[in-house]
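Trainee: Have a peek at coords.csv (CSV, C-alpha atoms and all ligand atoms).
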chain,number,residue,atom,x,y,z
A,451,MET,CA,20.8,10.0,-54.0
A,452,GLY,CA,18.0,11.6,-56.0
A,453,TYR,CA,16.8,15.1,-55.5
A,454,GLY,CA,13.5,16.7,-56.4
A,455,PRO,CA,10.2,15.5,-55.0
A,456,SER,CA,11.7,12.8,-52.7
A,457,ILE,CA,13.1,15.6,-50.5
A,458,GLY,CA,9.8,17.3,-50.3
A,459,LYS,CA,8.2,14.2,-48.9
A,460,GLY,CA,10.1,14.2,-45.7
A,461,VAL,CA,12.1,16.8,-44.0
A,462,VAL,CA,15.8,16.8,-44.5
A,463,SER,CA,18.5,15.3,-42.3
A,464,GLY,CA,22.0,16.6,-42.6
A,465,MET,CA,23.6,18.7,-45.3
A,466,ALA,CA,23.0,18.4,-49.0
A,467,GLY,CA,22.5,14.9,-50.2
A,468,ALA,CA,21.2,13.5,-47.0
A,469,ALA,CA,18.5,11.0,-47.0
A,470,SER,CA,14.9,12.2,-46.6
A,471,ILE,CA,13.0,11.2,-43.4
A,472,GLU,CA,9.5,10.0,-43.8
A,473,LYS,CA,8.1,11.7,-40.7
A,474,PRO,CA,8.4,15.5,-40.7
A,475,GLN,CA,9.9,15.8,-37.1
A,476,MET,CA,12.4,18.3,-38.2
A,477,ALA,CA,9.7,20.8,-39.1
A,478,LEU,CA,8.8,21.2,-35.5
A,479,ARG,CA,10.6,23.9,-33.5
A,480,GLY,CA,9.3,22.8,-30.1
A,481,GLU,CA,5.9,22.9,-28.3
A,482,ASN,CA,4.4,21.3,-31.5
A,483,LYS,CA,5.0,24.5,-33.3
A,484,LEU,CA,6.1,24.2,-36.9
A,485,PHE,CA,9.1,26.1,-38.3
A,486,LYS,CA,7.9,29.1,-40.2
A,487,VAL,CA,9.5,29.6,-43.6
A,488,SER,CA,9.0,32.6,-45.8
A,489,VAL,CA,10.0,32.2,-49.4
A,490,ILE,CA,10.5,35.4,-51.3
A,491,ILE,CA,10.5,35.4,-55.1
A,492,PRO,CA,11.1,38.6,-57.1
A,493,THR,CA,9.5,38.5,-60.6
A,494,MET,CA,9.7,40.5,-63.7
A,495,ASN,CA,7.7,38.7,-66.5
A,496,GLU,CA,8.4,35.1,-65.4
A,497,PRO,CA,6.4,32.6,-67.4
A,498,ALA,CA,7.3,29.8,-65.0
A,499,ILE,CA,6.1,31.5,-61.8
A,500,GLY,CA,3.0,29.3,-61.4
A,501,ARG,CA,5.1,26.1,-61.3
A,502,VAL,CA,7.8,27.7,-59.1
A,503,VAL,CA,5.2,28.8,-56.4
A,504,ASP,CA,3.4,25.5,-56.6
A,505,ASP,CA,6.7,23.5,-56.2
A,506,ALA,CA,7.7,25.7,-53.3
A,507,ARG,CA,4.4,25.2,-51.4
A,508,LYS,CA,4.5,21.4,-52.0
A,509,ALA,CA,8.1,21.2,-50.9
A,510,LEU,CA,7.3,23.0,-47.7
A,511,LYS,CA,4.1,21.2,-46.8
A,512,HIS,CA,5.5,20.0,-43.5
A,513,PHE,CA,6.4,23.5,-42.5
A,514,ASP,CA,4.4,26.6,-41.7
A,515,ALA,CA,5.2,28.3,-45.0
A,516,GLU,CA,4.3,31.4,-46.9
A,517,VAL,CA,5.4,32.3,-50.5
A,518,ILE,CA,5.7,36.0,-51.2
A,519,VAL,CA,6.1,37.2,-54.8
A,520,VAL,CA,7.3,40.7,-55.3
A,521,ASP,CA,6.3,41.5,-58.8
A,522,LYS,CA,7.3,44.1,-61.4
A,523,SER,CA,5.8,42.6,-64.5
A,524,THR,CA,4.0,43.9,-67.5
A,525,ASP,CA,2.4,40.4,-68.2
A,526,ASP,CA,0.1,38.2,-66.1
A,527,THR,CA,2.9,36.9,-63.8
A,528,ALA,CA,1.1,38.3,-60.7
A,529,ARG,CA,-2.2,36.6,-61.6
A,530,ARG,CA,-0.5,33.2,-62.1
A,531,ALA,CA,1.5,33.6,-58.9
A,532,LYS,CA,-1.7,34.3,-56.9
A,533,LYS,CA,-3.5,31.4,-58.6
A,534,ALA,CA,-0.7,29.1,-57.4
A,535,GLY,CA,-1.1,30.3,-53.8
A,536,ALA,CA,1.4,33.0,-53.4
A,537,ILE,CA,1.0,36.3,-51.6
A,538,VAL,CA,1.6,38.8,-54.4
A,539,VAL,CA,2.7,42.4,-53.9
A,540,GLY,CA,3.5,44.9,-56.7
A,541,GLN,CA,6.9,46.5,-56.5
A,542,GLU,CA,6.7,50.3,-56.4
A,543,LEU,CA,10.3,51.0,-57.4
A,544,SER,CA,12.5,48.7,-59.4
A,545,GLY,CA,15.6,46.5,-59.1
A,546,TYR,CA,16.4,43.1,-57.8
A,547,GLY,CA,17.7,44.4,-54.4
A,548,ASP,CA,14.7,46.7,-53.9
A,549,ALA,CA,12.4,43.7,-54.7
A,550,TYR,CA,14.0,41.7,-51.9
A,551,MET,CA,13.9,44.6,-49.4
A,552,THR,CA,10.2,45.0,-50.2
A,553,GLY,CA,9.7,41.3,-49.6
A,554,PHE,CA,11.7,41.3,-46.3
A,555,SER,CA,9.4,44.1,-45.0
A,556,LEU,CA,6.4,41.9,-45.6
A,557,ILE,CA,7.3,38.6,-44.0
A,558,ALA,CA,5.4,37.3,-41.0
A,559,PRO,CA,6.9,38.5,-37.7
A,560,ASP,CA,7.2,34.9,-36.4
A,561,THR,CA,9.2,33.6,-39.4
A,562,ASP,CA,12.2,31.5,-38.5
A,563,VAL,CA,13.9,31.2,-41.9
A,564,VAL,CA,13.7,33.3,-45.1
A,565,VAL,CA,14.3,31.7,-48.4
A,566,MET,CA,15.3,33.6,-51.5
A,567,MET,CA,14.9,32.2,-55.0
A,568,ASP,CA,14.2,33.3,-58.6
A,569,GLY,CA,10.9,32.9,-60.4
A,570,ASP,CA,12.5,31.4,-63.6
A,571,ASN,CA,12.5,27.7,-62.6
A,572,THR,CA,16.4,27.6,-62.5
A,573,TYR,CA,16.3,26.4,-58.9
A,574,ASP,CA,14.6,23.3,-57.8
A,575,ALA,CA,12.1,24.3,-55.1
A,576,TYR,CA,12.1,20.8,-53.7
A,577,GLU,CA,15.6,21.5,-52.6
A,578,ILE,CA,14.4,24.2,-50.2
A,579,PRO,CA,14.2,21.8,-47.2
A,580,MET,CA,17.8,20.9,-47.8
A,581,LEU,CA,18.9,24.5,-48.1
A,582,ILE,CA,17.3,25.5,-44.8
A,583,ASP,CA,18.5,22.4,-43.0
A,584,PRO,CA,21.8,23.9,-41.7
A,585,ILE,CA,19.9,26.8,-40.3
A,586,ILE,CA,17.3,24.6,-38.6
A,587,LYS,CA,20.0,22.4,-37.2
A,588,GLY,CA,21.7,25.6,-35.8
A,589,TYR,CA,25.1,25.6,-37.5
A,590,ALA,CA,24.5,28.3,-40.1
A,591,ASP,CA,22.9,31.8,-40.3
A,592,LEU,CA,23.2,32.2,-44.0
A,593,CYS,CA,23.1,29.2,-46.4
A,594,LEU,CA,24.0,29.6,-50.1
A,595,GLY,CA,23.1,27.1,-52.8
A,596,ASN,CA,26.2,26.3,-54.9
A,597,ARG,CA,25.0,26.0,-58.4
A,598,PHE,CA,28.2,24.6,-59.8
A,599,ALA,CA,27.6,21.4,-58.0
A,600,ARG,CA,24.8,20.2,-60.3
A,601,MET,CA,24.6,22.5,-63.3
A,602,GLU,CA,22.5,21.5,-66.2
A,603,PRO,CA,24.4,22.0,-69.5
A,604,GLY,CA,23.6,25.5,-70.9
A,605,ALA,CA,22.1,26.8,-67.6
A,606,MET,CA,24.9,29.4,-67.3
A,607,ASN,CA,26.7,30.8,-70.3
A,608,ALA,CA,30.5,31.0,-70.4
A,609,ARG,CA,30.5,34.8,-69.9
A,610,ASN,CA,28.4,34.7,-66.7
A,611,MET,CA,30.5,31.7,-65.5
A,612,LEU,CA,33.7,33.7,-65.9
A,613,GLY,CA,32.2,36.8,-64.3
A,614,ASN,CA,31.0,34.7,-61.4
A,615,LYS,CA,34.5,33.2,-60.9
A,616,VAL,CA,36.1,36.7,-61.0
A,617,ILE,CA,33.6,38.2,-58.5
A,618,THR,CA,33.7,35.1,-56.2
A,619,SER,CA,37.5,35.1,-56.1
A,620,THR,CA,37.6,38.8,-55.4
A,621,LEU,CA,35.1,38.4,-52.6
A,622,ASN,CA,37.0,35.4,-51.2
A,623,VAL,CA,40.4,37.2,-51.2
A,624,LEU,CA,39.1,40.5,-49.8
A,625,TYR,CA,36.8,39.1,-47.1
A,626,GLY,CA,38.5,35.9,-46.2
A,627,LEU,CA,35.8,33.6,-47.5
A,628,ARG,CA,35.9,30.3,-49.3
A,629,LEU,CA,32.8,30.4,-51.5
A,630,LYS,CA,32.4,28.6,-54.8
A,631,ASP,CA,29.3,30.5,-56.0
A,632,SER,CA,28.8,34.0,-54.5
A,633,GLN,CA,26.2,35.0,-57.1
A,634,THR,CA,23.7,32.3,-56.4
A,635,GLY,CA,20.1,33.6,-56.0
A,636,PHE,CA,19.1,30.5,-54.0
A,637,ARG,CA,19.7,31.3,-50.4
A,638,ALA,CA,18.3,30.8,-46.9
A,639,ILE,CA,18.9,33.1,-44.0
A,640,LYS,CA,17.8,32.9,-40.3
A,641,LYS,CA,15.3,35.6,-39.7
A,642,THR,CA,17.1,37.0,-36.6
A,643,ALA,CA,20.3,37.1,-38.7
A,644,LEU,CA,18.5,39.0,-41.5
A,645,ASP,CA,17.3,41.5,-39.0
A,646,THR,CA,20.9,42.5,-38.1
A,647,LEU,CA,21.9,43.2,-41.8
A,648,GLU,CA,22.1,46.7,-43.2
A,649,LEU,CA,21.3,46.3,-46.9
A,650,VAL,CA,20.8,49.3,-49.2
A,651,ASP,CA,21.7,48.3,-52.8
A,652,ASN,CA,18.7,48.3,-55.0
A,653,GLY,CA,20.1,46.3,-57.9
A,654,MET,CA,21.9,43.0,-58.6
A,655,PRO,CA,24.9,43.9,-56.3
A,656,PHE,CA,22.5,43.3,-53.5
A,657,ALA,CA,23.4,39.6,-53.5
A,658,SER,CA,27.1,40.4,-52.8
A,659,GLU,CA,26.2,43.1,-50.3
A,660,MET,CA,24.3,40.5,-48.3
A,661,ILE,CA,27.3,38.2,-48.1
A,662,ILE,CA,29.7,41.0,-47.2
A,663,ASP,CA,27.4,42.4,-44.5
A,664,ALA,CA,26.9,38.9,-43.1
A,665,ARG,CA,30.7,38.5,-43.0
A,666,LYS,CA,31.1,41.9,-41.3
A,667,LYS,CA,28.5,40.8,-38.7
A,668,SER,CA,30.4,37.5,-38.2
A,669,LEU,CA,27.4,35.4,-39.3
A,670,ARG,CA,28.0,31.8,-40.1
A,671,ILE,CA,27.9,31.3,-43.9
A,672,VAL,CA,27.8,27.9,-45.4
A,673,GLU,CA,27.3,26.6,-49.0
A,674,VAL,CA,25.3,23.5,-50.0
A,675,PRO,CA,25.2,21.9,-53.4
A,676,VAL,CA,22.1,22.7,-55.4
A,677,THR,CA,20.7,22.0,-58.9
A,678,TYR,CA,20.8,24.8,-61.5
A,679,ARG,CA,18.6,24.4,-64.6
A,680,GLN,CA,18.1,26.4,-67.8
A,681,ARG,CA,16.0,29.4,-67.2
A,682,ILE,CA,12.4,29.6,-68.6
A,683,GLY,CA,11.8,33.1,-70.0
A,684,GLU,CA,14.2,36.0,-70.6
A,685,ALA,CA,17.2,36.8,-68.4
A,686,LYS,CA,17.1,40.1,-66.4
A,687,LEU,CA,20.8,40.1,-65.5
A,688,LYS,CA,22.8,42.5,-67.7
A,689,ALA,CA,26.2,41.0,-67.3
A,690,TYR,CA,28.2,44.0,-68.8
A,691,LYS,CA,26.4,46.5,-66.6
A,692,ASP,CA,25.9,44.5,-63.5
A,693,GLY,CA,29.3,42.7,-63.4
A,694,PRO,CA,31.3,46.0,-63.0
A,695,LEU,CA,28.7,47.3,-60.5
A,696,ILE,CA,29.0,44.2,-58.4
A,697,LEU,CA,32.9,44.4,-58.4
A,698,SER,CA,32.9,48.0,-57.5
A,699,LEU,CA,30.5,47.4,-54.6
A,700,ILE,CA,32.8,44.6,-53.3
A,701,ILE,CA,35.9,46.9,-53.5
A,702,ARG,CA,34.0,49.9,-52.0
A,703,MET,CA,32.8,47.8,-49.0
A,704,VAL,CA,36.2,46.4,-48.2
A,705,ARG,CA,37.2,50.0,-47.1
A,706,ASP,CA,35.1,49.5,-43.9
A,707,TYR,CA,35.7,45.8,-43.5
A,708,ASN,CA,39.4,45.5,-44.2
A,709,PRO,CA,40.9,48.9,-45.0
A,710,PHE,CA,44.4,47.6,-44.8
A,711,ALA,CA,43.8,45.3,-47.8
A,712,ILE,CA,42.8,48.1,-50.1
A,713,PHE,CA,45.3,50.7,-48.8
A,714,ILE,CA,48.2,48.3,-48.9
A,715,SER,CA,47.4,47.3,-52.5
A,716,VAL,CA,47.1,51.0,-53.7
A,717,GLY,CA,50.1,52.1,-51.6
A,718,GLY,CA,52.1,49.1,-52.6
A,719,ILE,CA,51.5,49.7,-56.3
A,720,MET,CA,52.6,53.4,-55.9
A,721,VAL,CA,55.8,52.4,-54.1
A,722,LEU,CA,56.5,49.7,-56.8
A,723,CYS,CA,56.0,52.3,-59.6
A,724,SER,CA,58.4,54.6,-57.7
A,725,PHE,CA,61.0,51.9,-57.8
A,726,VAL,CA,60.6,51.5,-61.6
A,727,SER,CA,60.9,55.3,-62.3
A,728,GLY,CA,63.6,55.6,-59.7
A,729,GLY,CA,65.5,52.9,-61.5
A,730,PHE,CA,66.0,55.1,-64.5
A,731,VAL,CA,67.2,58.0,-62.4
A,732,VAL,CA,69.6,55.9,-60.4
A,733,TYR,CA,70.9,54.2,-63.6
A,734,GLU,CA,71.6,57.7,-65.2
A,735,TRP,CA,73.3,58.9,-62.1
A,736,LEU,CA,75.5,55.8,-61.9
A,737,THR,CA,76.5,55.8,-65.5
A,738,THR,CA,76.9,59.5,-66.1
A,739,GLY,CA,77.4,61.0,-62.6
A,740,VAL,CA,74.6,63.5,-63.2
A,741,ILE,CA,70.8,63.6,-63.0
A,742,THR,CA,69.2,65.3,-66.0
A,743,ARG,CA,65.6,63.9,-65.7
A,744,LEU,CA,64.3,66.3,-63.1
A,745,ALA,CA,60.6,65.6,-63.8
A,746,LEU,CA,61.1,61.8,-63.4
A,747,THR,CA,63.0,62.4,-60.2
A,748,MET,CA,60.2,64.4,-58.8
A,749,LEU,CA,57.6,61.9,-59.9
A,750,THR,CA,59.7,59.1,-58.2
A,751,ALA,CA,59.8,61.0,-54.9
A,752,MET,CA,56.1,61.8,-55.0
A,753,LEU,CA,55.1,58.3,-55.8
A,754,PHE,CA,57.3,56.8,-53.1
A,755,LEU,CA,56.2,59.3,-50.4
A,756,SER,CA,52.5,59.1,-51.3
A,757,GLY,CA,52.7,55.3,-51.4
A,758,VAL,CA,54.2,55.2,-47.9
A,759,GLN,CA,51.6,57.6,-46.7
A,760,VAL,CA,48.7,55.5,-48.2
A,761,ILE,CA,50.1,52.4,-46.5
A,762,SER,CA,50.4,54.3,-43.2
A,763,PHE,CA,46.9,55.5,-43.5
A,764,GLY,CA,45.7,51.9,-44.1
A,765,LEU,CA,47.5,50.8,-41.0
A,766,LEU,CA,45.9,53.6,-39.0
A,767,ALA,CA,42.4,52.8,-40.3
A,768,ASP,CA,43.0,49.2,-39.4
A,769,ILE,CA,44.0,50.0,-35.8
A,770,ILE,CA,41.0,52.4,-35.4
A,771,LEU,CA,38.6,49.8,-36.8
A,772,ALA,CA,40.0,47.0,-34.6
A,773,ALA,CA,39.5,49.3,-31.5
A,774,LEU,CA,35.9,50.1,-32.6
A,775,ARG,CA,35.1,46.4,-33.1
A,776,LYS,CA,36.5,45.7,-29.6
A,777,LYS,CA,34.2,48.4,-28.2
A,778,ARG,CA,31.1,47.1,-29.9
B,801,LIG,N1,10.4,42.4,-58.8
B,801,LIG,C1,11.5,42.4,-59.6
B,801,LIG,N2,12.1,41.3,-59.9
B,801,LIG,C2,13.3,41.3,-60.6
B,801,LIG,C3,13.9,42.5,-61.0
B,801,LIG,N3,15.0,42.2,-61.7
B,801,LIG,C4,15.1,40.9,-61.7
B,801,LIG,N4,14.0,40.3,-61.1
B,801,LIG,C5,13.7,38.9,-60.9
B,801,LIG,O1,14.8,38.4,-60.1
B,801,LIG,C6,15.1,37.1,-60.4
B,801,LIG,C7,16.5,37.0,-60.8
B,801,LIG,O2,16.7,37.6,-62.1
B,801,LIG,P1,17.3,36.7,-63.3
B,801,LIG,O3,17.1,37.4,-64.6
B,801,LIG,O4,16.8,35.3,-63.1
B,801,LIG,O5,18.9,36.9,-63.0
B,801,LIG,P2,19.9,35.7,-62.9
B,801,LIG,O6,19.3,34.5,-62.1
B,801,LIG,O7,21.2,36.3,-62.4
B,801,LIG,O8,20.1,35.3,-64.4
B,801,LIG,P3,19.7,33.9,-65.1
B,801,LIG,O9,20.8,33.0,-64.9
B,801,LIG,O10,19.6,34.3,-66.5
B,801,LIG,O11,18.4,33.5,-64.5
B,801,LIG,C8,14.1,36.7,-61.5
B,801,LIG,O12,13.0,36.0,-60.9
B,801,LIG,C9,13.7,38.0,-62.1
B,801,LIG,O13,12.4,38.0,-62.6
B,801,LIG,C10,13.3,43.7,-60.6
B,801,LIG,O14,13.7,44.8,-60.9
B,801,LIG,N5,12.1,43.6,-59.9
B,802,MG,MG,17.6,33.5,-62.5
Just give me the structure of the file as structure tokens.
Mentor:
Amino acid sequence: MGYGPSIGKGVVSGMAGAASIEKPQMALRGENKLFKVSVIIPTMNEPAIGRVVDDARKALKHFDAEVIVVDKSTDDTARRAKKAGAIVVGQELSGYGDAYMTGFSLIAPDTDVVVMMDGDNTYDAYEIPMLIDPIIKGYADLCLGNRFARMEPGAMNARNMLGNKVITSTLNVLYGLRLKDSQTGFRAIKKTALDTLELVDNGMPFASEMIIDARKKSLRIVEVPVTYRQRIGEAKLKAYKDGPLILSLIIRMVRDYNPFAIFISVGGIMVLCSFVSGGFVVYEWLTTGVITRLALTMLTAMLFLSGVQVISFGLLADIILAALRKKR
């Protein structure tokens, strides 16, 4: 099955890889009204923006579509985006997350689905109909494009790939997800679902915050395979700065989602350490009949009692959260 322009011709049927349909019936949402799709593209000096906007508009010709570019460039990205038919707004503040929040505040009120994508030509805009298909069909609220499915050689360097694996595994373990690519920038979300999210992170961690909040709100999250190409222009992601920021957000947010997971890990480590230090004390006592290491004994007791306390606190937080969730 080929991708690219063939999908743009018809509107998609089924999940990724489904055959295209010649007649655009799927674009209708009833009463002859077309599905409204808002595509948001944040840009910071993106030489490929003209092509990206043009592809997105062509790919969505059977939909009621708008393409919004939120720009923070020092070059002529804004002019080229406008020329290609996008609505262009200048970003007052800065940051990837802030750009999306600006874009979300501008989408048409009757929008059905919001699409997020980069302005660097890494994603294939002709795959947008495939990305929004699970939402239009009604079995997903948030659809993520899994780039590992069709990744062009050299599109993602080894460092970013490793970072993505670490972040995605952490997210999966802490939030009970089974994602393959949590850091994808190619996403579609149902507008009514987007309205329920509480997103505040201005930077790159915004992408993870969105998934975590969607999970907290019990939204249906699915992944579809997408193409990932080499970027045109300079990368804006700063892996060594953004990676730790993303991980810390994931861990911070688990406190409200699944406090037991974080408290049991911390408390468990403390209790385990107390067993190790306590082992030395017990060994000395068994072999000599006396305890001379007073400091170590005190440390053991403190570690054990604090560990037990932390675990108990986690249990309590979990019970309170469960009661609050029931109430909501
Ligand atoms: N408006 C705006 N756009 C931004 C900002 N930071 C990044 N972007 C844009 O957000 C998109 C994603 O950034 P990228 O540099 O492509 O990050 P990435 O996709 O994680 O990294 P690559 O794999 O190298 O593409 C691009 O279109 C950027 O131009 C920002 O502060 N403001
Ligand atoms: Mg990119």
Trainee: Which of these, A:Thr642, A:Asn622, A:Thr524, A:Ser488, has the shortest distance to ligand LIG 801 (chain B) once you count only C-alpha atoms and all ligand atoms?
Mentor: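 Of all the options, A:Thr524 lies closest to ligand LIG 801 (chain B).
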Trainee: Please identify every polymer residue within 7 Å of ligand MG 802 (chain B), using all atoms listed in the file, and present the set as a VMD selection string.
Mentor: chain A and resid 568 570 572 635 681 685
Trainee: Could you tell me, counting all atoms listed in the file, which protein and nucleic acid residues lie no more than 6 Å from ligand LIG 801 (chain B), written as a list in words?
Mentor: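 Written in the requested form, the residues are Pro492, Thr493, Met494, Glu496, Val520, Asp521, Lys522, Gln541, Ser544, Gly545, Tyr546, Ala549, Asp568, Gly569, Asp570, Met606, Arg681, Ala685, Lys686 and Leu687 of chain A.
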Trainee: Kindly extract all protein, DNA and RNA residues lying within 7 Å of the coordinates (21.9, 31.7, -46.1) given in the file, considering all atoms listed in the file, and supply them as a list in words.
Mentor: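 Counting all atoms listed in the file, I find these residues within 7 Å of (21.9, 31.7, -46.1): Asp591, Leu592, Cys593, Leu594, Arg637, Ala638, Ile639 and Ile671 of chain A.
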Trainee: With a distance cut-off of 10 Å and all atoms listed in the file, select the neighbouring residues of Met748 of chain A, excluding the residue or stretch itself and same-chain residues fewer than 6 positions from it, and output the selection as a short mmCIF file (atom, residue, chain, number, x, y, z; two decimals) with C-alpha atoms, in the coordinates of the input.
Mentor:
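The result, written out as out_38.cif:
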data_model
loop_
_atom_site.label_atom_id
_atom_site.label_comp_id
_atom_site.auth_asym_id
_atom_site.auth_seq_id
_atom_site.Cartn_x
_atom_site.Cartn_y
_atom_site.Cartn_z
CA SER A 727 60.90 55.30 -62.30
CA GLY A 728 63.60 55.60 -59.70
CA PHE A 754 57.30 56.80 -53.10
#
Trainee: Taking all atoms listed in the file into account, name the residue in A:Val539, A:Asp583, A:Leu621, A:Thr527 that is nearest to Ser698 of chain A.
Mentor: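 Between A:Val539, A:Asp583, A:Leu621, A:Thr527, the residue approaching Ser698 of chain A most closely is A:Leu621.
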Trainee: Which is closer to Leu753 of chain A than all the others in A:Val726, A:Leu612, A:Val721, A:Ala536, using only C-alpha atoms?
Mentor: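 Once distances to Leu753 of chain A are computed over only C-alpha atoms, the minimum belongs to A:Val721.
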Trainee: I'd like the interatomic distance between atom CA of Leu755 of chain A and atom CA of Arg743 of chain A, to a tenth of an Å.
Mentor: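 If I compute the distance from atom CA of Leu755 of chain A to atom CA of Arg743 of chain A, I get 18.5 Å.
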Trainee: Which residue out of A:Gly693, A:Gly757, A:Gly535, A:Val502 has the minimum interatomic distance to Leu722 of chain A when all atoms listed in the file are used?
Mentor: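 Smallest separation from Leu722 of chain A among the options: A:Gly757.
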Trainee: Just give me the gap between atom CA of Gly718 of chain A and atom CA of Tyr625 of chain A in Å, one decimal is fine.
Mentor: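 Taking atom CA of Gly718 of chain A as the start and atom CA of Tyr625 of chain A as the end point, the length is 19.1 Å.
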Trainee: Calculated over all atoms listed in the file, which of the candidates A:Ile700, A:Val489, A:Met720, A:Ala605 has the smallest distance to Gly553 of chain A?
Mentor: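 Comparing A:Ile700, A:Val489, A:Met720, A:Ala605 against Gly553 of chain A, the winner is A:Val489.
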